[in-house]
$ cat work_13.pdb   # PDB, C-alpha atoms
ATOM      1  CA  MET A   1     -29.747  -4.248 -14.989  1.00  0.00           C
ATOM      2  CA  VAL A   2     -28.856  -4.736 -18.641  1.00  0.00           C
ATOM      3  CA  ASP A   3     -30.033  -1.900 -20.877  1.00  0.00           C
ATOM      4  CA  PHE A   4     -30.051  -2.106 -24.673  1.00  0.00           C
ATOM      5  CA  THR A   5     -31.057   1.515 -25.254  1.00  0.00           C
ATOM      6  CA  PRO A   6     -27.617   2.233 -26.752  1.00  0.00           C
ATOM      7  CA  LEU A   7     -28.296  -0.435 -29.401  1.00  0.00           C
ATOM      8  CA  PHE A   8     -31.526   1.226 -30.479  1.00  0.00           C
ATOM      9  CA  ASP A   9     -29.820   4.625 -30.533  1.00  0.00           C
ATOM     10  CA  THR A  10     -27.024   3.145 -32.672  1.00  0.00           C
ATOM     11  CA  LEU A  11     -29.485   1.601 -35.112  1.00  0.00           C
ATOM     12  CA  LYS A  12     -31.224   4.950 -35.430  1.00  0.00           C
ATOM     13  CA  GLU A  13     -27.904   6.756 -35.999  1.00  0.00           C
ATOM     14  CA  GLN A  14     -27.082   4.270 -38.762  1.00  0.00           C
ATOM     15  CA  GLY A  15     -30.506   4.718 -40.369  1.00  0.00           C
ATOM     16  CA  LYS A  16     -31.548   1.155 -39.537  1.00  0.00           C
ATOM     17  CA  SER A  17     -34.635  -0.216 -37.824  1.00  0.00           C
ATOM     18  CA  LYS A  18     -34.971  -2.968 -35.238  1.00  0.00           C
ATOM     19  CA  SER A  19     -35.913  -5.301 -38.083  1.00  0.00           C
ATOM     20  CA  HIS A  20     -32.295  -5.046 -39.307  1.00  0.00           C
ATOM     21  CA  LEU A  21     -31.373  -7.291 -36.378  1.00  0.00           C
ATOM     22  CA  ARG A  22     -33.209 -10.151 -38.122  1.00  0.00           C
ATOM     23  CA  SER A  23     -30.517 -10.254 -40.775  1.00  0.00           C
ATOM     24  CA  PHE A  24     -28.000 -11.718 -38.326  1.00  0.00           C
ATOM     25  CA  MET A  25     -29.849 -13.088 -35.277  1.00  0.00           C
ATOM     26  CA  SER A  26     -32.736 -15.394 -34.506  1.00  0.00           C
ATOM     27  CA  SER A  27     -36.175 -14.011 -33.779  1.00  0.00           C
ATOM     28  CA  SER A  28     -36.047 -15.392 -30.232  1.00  0.00           C
ATOM     29  CA  THR A  29     -32.790 -13.548 -29.542  1.00  0.00           C
ATOM     30  CA  GLN A  30     -34.217 -10.383 -31.036  1.00  0.00           C
ATOM     31  CA  ALA A  31     -37.274 -10.743 -28.793  1.00  0.00           C
ATOM     32  CA  LYS A  32     -35.035 -10.974 -25.725  1.00  0.00           C
ATOM     33  CA  ILE A  33     -33.482  -7.649 -26.644  1.00  0.00           C
ATOM     34  CA  THR A  34     -36.545  -5.733 -27.812  1.00  0.00           C
ATOM     35  CA  LYS A  35     -39.353  -6.821 -25.468  1.00  0.00           C
ATOM     36  CA  GLU A  36     -38.041  -6.647 -21.920  1.00  0.00           C
ATOM     37  CA  PRO A  37     -34.344  -5.906 -22.133  1.00  0.00           C
ATOM     38  CA  ALA A  38     -33.905  -5.423 -18.402  1.00  0.00           C
ATOM     39  CA  LEU A  39     -35.123  -8.952 -17.734  1.00  0.00           C
ATOM     40  CA  ASN A  40     -34.542 -11.044 -20.834  1.00  0.00           C
ATOM     41  CA  GLY A  41     -31.512  -9.290 -22.262  1.00  0.00           C
ATOM     42  CA  ALA A  42     -29.517 -10.136 -19.168  1.00  0.00           C
ATOM     43  CA  ASN A  43     -29.574 -13.769 -20.277  1.00  0.00           C
ATOM     44  CA  LEU A  44     -27.880 -13.181 -23.624  1.00  0.00           C
ATOM     45  CA  GLU A  45     -24.562 -14.861 -24.176  1.00  0.00           C
ATOM     46  CA  PHE A  46     -21.626 -12.541 -24.658  1.00  0.00           C
ATOM     47  CA  ARG A  47     -21.068 -13.964 -28.155  1.00  0.00           C
ATOM     48  CA  VAL A  48     -24.446 -12.496 -29.189  1.00  0.00           C
ATOM     49  CA  ILE A  49     -23.394  -9.057 -28.013  1.00  0.00           C
ATOM     50  CA  GLU A  50     -20.087  -9.545 -29.808  1.00  0.00           C
ATOM     51  CA  ARG A  51     -21.940 -10.437 -33.017  1.00  0.00           C
ATOM     52  CA  ILE A  52     -24.056  -7.293 -32.758  1.00  0.00           C
ATOM     53  CA  CYS A  53     -20.943  -5.159 -32.276  1.00  0.00           C
ATOM     54  CA  LEU A  54     -19.217  -6.741 -35.268  1.00  0.00           C
ATOM     55  CA  GLU A  55     -22.254  -6.538 -37.539  1.00  0.00           C
ATOM     56  CA  LEU A  56     -22.834  -2.872 -36.723  1.00  0.00           C
ATOM     57  CA  ASP A  57     -19.094  -2.107 -36.544  1.00  0.00           C
ATOM     58  CA  VAL A  58     -19.364  -0.389 -33.159  1.00  0.00           C
ATOM     59  CA  PRO A  59     -17.801  -0.781 -29.699  1.00  0.00           C
ATOM     60  CA  ILE A  60     -19.765  -2.526 -26.970  1.00  0.00           C
ATOM     61  CA  GLU A  61     -20.728   0.817 -25.403  1.00  0.00           C
ATOM     62  CA  LYS A  62     -22.873   1.494 -28.470  1.00  0.00           C
ATOM     63  CA  VAL A  63     -24.837  -1.731 -27.848  1.00  0.00           C
ATOM     64  CA  VAL A  64     -25.331  -2.260 -24.139  1.00  0.00           C
ATOM     65  CA  ARG A  65     -24.876  -0.594 -20.770  1.00  0.00           C
ATOM     66  CA  ILE A  66     -25.223  -1.799 -17.203  1.00  0.00           C
ATOM     67  CA  LEU A  67     -27.443   0.190 -14.856  1.00  0.00           C
ATOM     68  CA  PRO A  68     -28.055  -0.253 -11.141  1.00  0.00           C
ATOM     69  CA  ASN A  69     -31.019  -2.462 -10.341  1.00  0.00           C
ATOM     70  CA  PRO A  70     -34.102  -0.466  -9.372  1.00  0.00           C
ATOM     71  CA  PRO A  71     -35.151  -0.779  -5.728  1.00  0.00           C
ATOM     72  CA  GLU A  72     -37.704  -3.486  -5.110  1.00  0.00           C
TER      73      GLU A  72
END
$ encode --input "work_13.pdb" --output "structure tokens"
Amino acid sequence: MVDFTPLFDTLKEQGKSKSHLRSFMSSSTQAKITKEPALNGANLEFRVIERICLELDVPIEKVVRILPNPPE
């Protein structure tokens, strides 16, 4: 499962809100990250994650983490 909690923690640490993401990504991409990251975020291309890392000047660990899938 793809988890974007580190991204939101990083934004908070940098004194930025989720709306800061709009300055460098489309609203549809932002929706994939902020609404249901476990489901939609998994479909992001790696270049989007790279762009986030570069824009925020952080390593990938500060943007995304992979968690085991919950039992069904």
$ resolve_selection --input "work_13.pdb" --expression "the PyMOL selection byres ((chain A and resi 68) around 6)" --output "count of residues only"
3
$ atom_distance --input "work_13.pdb" --atom1 "CA of Val64 in chain A" --atom2 "CA of Val2 in chain A"
7.0 Å
$ residues_around --input "work_13.pdb" --residues "range 29-36 of chain A" --least-positions-apart "6" --cutoff "12 Å" --atoms "all atoms listed in the file" --output "PDB file with C-alpha atoms, in the frame of the given file"
ATOM      1  CA  MET A   1     -29.747  -4.248 -14.989  1.00  0.00           C
ATOM      2  CA  VAL A   2     -28.856  -4.736 -18.641  1.00  0.00           C
ATOM      3  CA  ASP A   3     -30.033  -1.900 -20.877  1.00  0.00           C
ATOM      4  CA  PHE A   4     -30.051  -2.106 -24.673  1.00  0.00           C
ATOM      5  CA  THR A   5     -31.057   1.515 -25.254  1.00  0.00           C
ATOM      6  CA  PRO A   6     -27.617   2.233 -26.752  1.00  0.00           C
ATOM      7  CA  LEU A   7     -28.296  -0.435 -29.401  1.00  0.00           C
ATOM      8  CA  PHE A   8     -31.526   1.226 -30.479  1.00  0.00           C
ATOM      9  CA  SER A  17     -34.635  -0.216 -37.824  1.00  0.00           C
ATOM     10  CA  LYS A  18     -34.971  -2.968 -35.238  1.00  0.00           C
ATOM     11  CA  SER A  19     -35.913  -5.301 -38.083  1.00  0.00           C
ATOM     12  CA  HIS A  20     -32.295  -5.046 -39.307  1.00  0.00           C
ATOM     13  CA  LEU A  21     -31.373  -7.291 -36.378  1.00  0.00           C
ATOM     14  CA  ARG A  22     -33.209 -10.151 -38.122  1.00  0.00           C
ATOM     15  CA  SER A  23     -30.517 -10.254 -40.775  1.00  0.00           C
ATOM     16  CA  ALA A  42     -29.517 -10.136 -19.168  1.00  0.00           C
ATOM     17  CA  ASN A  43     -29.574 -13.769 -20.277  1.00  0.00           C
ATOM     18  CA  LEU A  44     -27.880 -13.181 -23.624  1.00  0.00           C
ATOM     19  CA  GLU A  45     -24.562 -14.861 -24.176  1.00  0.00           C
ATOM     20  CA  ARG A  47     -21.068 -13.964 -28.155  1.00  0.00           C
ATOM     21  CA  VAL A  48     -24.446 -12.496 -29.189  1.00  0.00           C
ATOM     22  CA  ILE A  49     -23.394  -9.057 -28.013  1.00  0.00           C
ATOM     23  CA  ARG A  51     -21.940 -10.437 -33.017  1.00  0.00           C
ATOM     24  CA  ILE A  52     -24.056  -7.293 -32.758  1.00  0.00           C
ATOM     25  CA  VAL A  63     -24.837  -1.731 -27.848  1.00  0.00           C
ATOM     26  CA  VAL A  64     -25.331  -2.260 -24.139  1.00  0.00           C
TER      27      VAL A  64
END
$ atom_distance --input "work_13.pdb" --atom1 "CA of Arg65 in chain A" --atom2 "CA of Gln14 in chain A"
18.8 Å
$ atom_distance --input "work_13.pdb" --atom1 "CA of Thr10 in chain A" --atom2 "CA of Ser28 in chain A"
20.8 Å
$ closest_residue --input "work_13.pdb" --among "A:Lys62, A:Phe24, A:Cys53, A:Phe46" --to "Lys12 in chain A" --atoms "only C-alpha atoms"
A:Lys62
$ build_atoms --input "work_13.pdb" --residues "range 41-66 of chain A" --atoms "N, CA and C atoms" --output "short mmCIF file (atom, residue, chain, number, x, y, z; two decimals), in the frame of the given file"
data_model
loop_
_atom_site.label_atom_id
_atom_site.label_comp_id
_atom_site.auth_asym_id
_atom_site.auth_seq_id
_atom_site.Cartn_x
_atom_site.Cartn_y
_atom_site.Cartn_z
N GLY A 41 -32.81 -9.58 -21.67
CA GLY A 41 -31.51 -9.29 -22.26
C GLY A 41 -30.35 -9.70 -21.38
N ALA A 42 -30.59 -9.76 -20.09
CA ALA A 42 -29.52 -10.14 -19.17
C ALA A 42 -29.07 -11.57 -19.39
N ASN A 43 -29.89 -12.37 -20.04
CA ASN A 43 -29.57 -13.77 -20.28
C ASN A 43 -28.89 -14.03 -21.61
N LEU A 44 -28.57 -13.00 -22.34
CA LEU A 44 -27.88 -13.18 -23.62
C LEU A 44 -26.44 -13.61 -23.39
N GLU A 45 -25.97 -14.48 -24.24
CA GLU A 45 -24.56 -14.86 -24.18
C GLU A 45 -23.72 -13.72 -24.73
N PHE A 46 -22.51 -13.61 -24.22
CA PHE A 46 -21.63 -12.54 -24.66
C PHE A 46 -21.36 -12.62 -26.16
N ARG A 47 -21.34 -13.83 -26.72
CA ARG A 47 -21.07 -13.96 -28.16
C ARG A 47 -22.15 -13.29 -29.00
N VAL A 48 -23.38 -13.19 -28.47
CA VAL A 48 -24.45 -12.50 -29.19
C VAL A 48 -24.16 -11.00 -29.21
N ILE A 49 -23.74 -10.47 -28.07
CA ILE A 49 -23.39 -9.06 -28.01
C ILE A 49 -22.20 -8.78 -28.92
N GLU A 50 -21.24 -9.69 -28.92
CA GLU A 50 -20.09 -9.54 -29.81
C GLU A 50 -20.53 -9.51 -31.27
N ARG A 51 -21.44 -10.38 -31.63
CA ARG A 51 -21.94 -10.44 -33.02
C ARG A 51 -22.62 -9.13 -33.41
N ILE A 52 -23.40 -8.57 -32.49
CA ILE A 52 -24.06 -7.29 -32.76
C ILE A 52 -23.00 -6.21 -33.00
N CYS A 53 -22.01 -6.16 -32.13
CA CYS A 53 -20.94 -5.16 -32.28
C CYS A 53 -20.24 -5.29 -33.62
N LEU A 54 -19.92 -6.51 -34.01
CA LEU A 54 -19.22 -6.74 -35.27
C LEU A 54 -20.10 -6.41 -36.47
N GLU A 55 -21.34 -6.80 -36.41
CA GLU A 55 -22.25 -6.54 -37.54
C GLU A 55 -22.50 -5.04 -37.74
N LEU A 56 -22.58 -4.31 -36.63
CA LEU A 56 -22.83 -2.87 -36.72
C LEU A 56 -21.54 -2.05 -36.75
N ASP A 57 -20.41 -2.74 -36.55
CA ASP A 57 -19.09 -2.11 -36.54
C ASP A 57 -19.01 -0.98 -35.51
N VAL A 58 -19.38 -1.35 -34.27
CA VAL A 58 -19.36 -0.39 -33.16
C VAL A 58 -18.77 -1.04 -31.91
N PRO A 59 -18.27 -0.23 -30.96
CA PRO A 59 -17.80 -0.78 -29.70
C PRO A 59 -18.99 -1.20 -28.83
N ILE A 60 -18.72 -1.99 -27.83
CA ILE A 60 -19.76 -2.53 -26.97
C ILE A 60 -20.61 -1.43 -26.31
N GLU A 61 -20.00 -0.28 -26.04
CA GLU A 61 -20.73 0.82 -25.40
C GLU A 61 -21.87 1.34 -26.26
N LYS A 62 -21.81 1.07 -27.56
CA LYS A 62 -22.87 1.49 -28.47
C LYS A 62 -23.98 0.45 -28.58
N VAL A 63 -23.86 -0.63 -27.80
CA VAL A 63 -24.84 -1.73 -27.85
C VAL A 63 -25.53 -1.94 -26.51
N VAL A 64 -24.77 -1.90 -25.44
CA VAL A 64 -25.33 -2.26 -24.14
C VAL A 64 -24.68 -1.43 -23.03
N ARG A 65 -25.44 -1.22 -21.97
CA ARG A 65 -24.88 -0.59 -20.77
C ARG A 65 -25.48 -1.28 -19.55
N ILE A 66 -24.77 -1.19 -18.45
CA ILE A 66 -25.22 -1.80 -17.20
C ILE A 66 -25.67 -0.67 -16.27
#
